[in-house]
Amino acid sequence: MKHLQIAALALLFVNSTAAAATSAWVETPGGDVRLVALPAAADGTMRAMLDIRLHDGWKTYWRDPGGSGIPPSVVVTGAELKSVGFPAPTRLGDAETHYIGYDKPVRLPLKLAKAEGPITATVFLGVCKDICIPVQAELTADASGERFANPLEEVAVTDAEATLPHGAGDGFKPLSGRWAADGKSLTVRFEAPADGPLPDVFLSGASTFEFGAAGPTRREGEAFVAEVPVLHKPKVFDLAKDPIRLTVRAGEKTMESPLAID
């Protein structure tokens, strides 16, 4: 695997302008990307998505790649970007080079505010196969002249939102997190459905945190426990403002919720 050879490769930069609610596809060797936006609501909020159509055998990264790779970056002009949603990822790579991301096409829902006129998303992401290619694209969509959403575009955005993990609920929720004495790992306790394979655990925080791939999940009484490496922990942070998020995949079920740290 050559996922760390990104810097040696040429950056692909492409510009896509559009006078429609969906930008043109920007094509790259490993996958194609476009922006889909729905008409803004009366209060200026807008639902949109970044549509990443990976080619066979190619992969891209989650918001915390696990120590190897490029986390996706989305910067929006023409509106205020409130959030980028990420479906629960999977572990990828091999024993020597493992990382966290997606090996199938993925759609990232966007929540926007103060949307007026066209919006442009400047996107930076990595797509990988035997090597990784960093891709930067400017995607422009304009739904400002539309009173009603195109049904196909609305279905696409709704379907993208449906892939996001559910929030915490009875029987599937975080219980606690505890830093190791040396600060190099975080022990996570949570409840999850007991049927099926052991749940897989992923952590993410503010951009100044970096977590590795969690160790094997184990059962302790009614709870599950996993140890997550802390690859970088900033000296100053505010978990009340920017909490660490726990994402769990238990078979076909997924959950994401802030994690309370002891």
# chains A, B, ... in the order shown; residues from 1 in each chain; ligands from 1
>>> closest_atom_pairs(of="range 156-258 of chain A", to="range 53-69 of chain A", cutoff="8 Å", atoms="only C-alpha atoms", output="tab-separated table")
residue	atom	partner	partner_atom	distance
A:Leu203	CA	A:Asp64	CA	7.7
A:Ser204	CA	A:Asp64	CA	5.8
A:Glu210	CA	A:Asp64	CA	6.7
A:Phe211	CA	A:Gly66	CA	5.6
A:Gly212	CA	A:Gly66	CA	4.2
A:Ala213	CA	A:Gly66	CA	5.4
A:Leu231	CA	A:Gly67	CA	7.0
>>> write_last_selection(atoms="C-alpha atoms", output="PDB file, in the first residue's frame")
ATOM      1  CA  LEU A 203     -13.765   8.312  17.348  1.00  0.00           C
ATOM      2  CA  SER A 204     -13.501  11.814  15.955  1.00  0.00           C
ATOM      3  CA  GLU A 210      -6.357  12.616  15.875  1.00  0.00           C
ATOM      4  CA  PHE A 211      -7.397   9.069  16.763  1.00  0.00           C
ATOM      5  CA  GLY A 212      -6.149   5.726  15.496  1.00  0.00           C
ATOM      6  CA  ALA A 213      -8.087   2.594  14.634  1.00  0.00           C
ATOM      7  CA  LEU A 231      -2.390   9.865  17.962  1.00  0.00           C
TER       8      LEU A 231
END
>>> residues_around(residues="range 141-144 of chain A", least_positions_apart="3", cutoff="12 Å", atoms="only C-alpha atoms", output="PyMOL selection string")
chain A and resi 15-25+34-42+44-50+76-79+114-122+138+147-150+153-154
>>> residues_around(residues="Leu164 in chain A", least_positions_apart="4", cutoff="9 Å", atoms="only C-alpha atoms", output="MDAnalysis selection string")
chainID A and resid 85:88 108:109 160 254:256
>>> write_last_selection(atoms="C-alpha atoms", output="tab-separated table (two decimals), in the first residue's frame")
chain	number	residue	atom	x	y	z
A	85	GLY	CA	-22.59	14.60	7.63
A	86	PHE	CA	-20.60	11.37	7.37
A	87	PRO	CA	-22.07	7.86	7.15
A	88	ALA	CA	-20.42	5.35	9.50
A	108	LEU	CA	-22.03	13.53	2.40
A	109	PRO	CA	-25.11	15.61	3.37
A	160	ALA	CA	-27.98	10.66	1.61
A	254	THR	CA	-25.06	2.56	13.28
A	255	MET	CA	-25.06	5.17	16.02
A	256	GLU	CA	-23.25	8.45	16.59
>>> residues_around(residues="range 189-196 of chain A", least_positions_apart="3", cutoff="10 Å", atoms="only C-alpha atoms", output="MDAnalysis selection string")
chainID A and resid 168:178 186 199 201 217:220 222:227 246 248:255 259
>>> residues_around(residues="Val230 in chain A", least_positions_apart="2", cutoff="6 Å", atoms="only C-alpha atoms", output="number ranges by chain")
A: 184-185, 211, 232
>>> atom_distance(atom1="CA of Leu112 in chain A", atom2="CA of Ser83 in chain A")
7.3 Å
>>> select_by_dssp(residues="range 16-247 of chain A", states="strand (DSSP E)", output="PyMOL selection string")
chain A and resi 16+26-27+31-37+46-54+59-61+73-77+80-84+90-93+98-102+106-113+119-128+132-141+173-179+185-191+200-204+210-211+218-220+223-232+245-247
>>> select_by_dssp(residues="range 42-170 of chain A", states="alpha helix (DSSP H)", output="list in words")
Pro151, Leu152, Glu153, Glu154, Val155, Ala156, Val157, Thr158, Asp159, Ala160, Glu161 and Ala162 of chain A
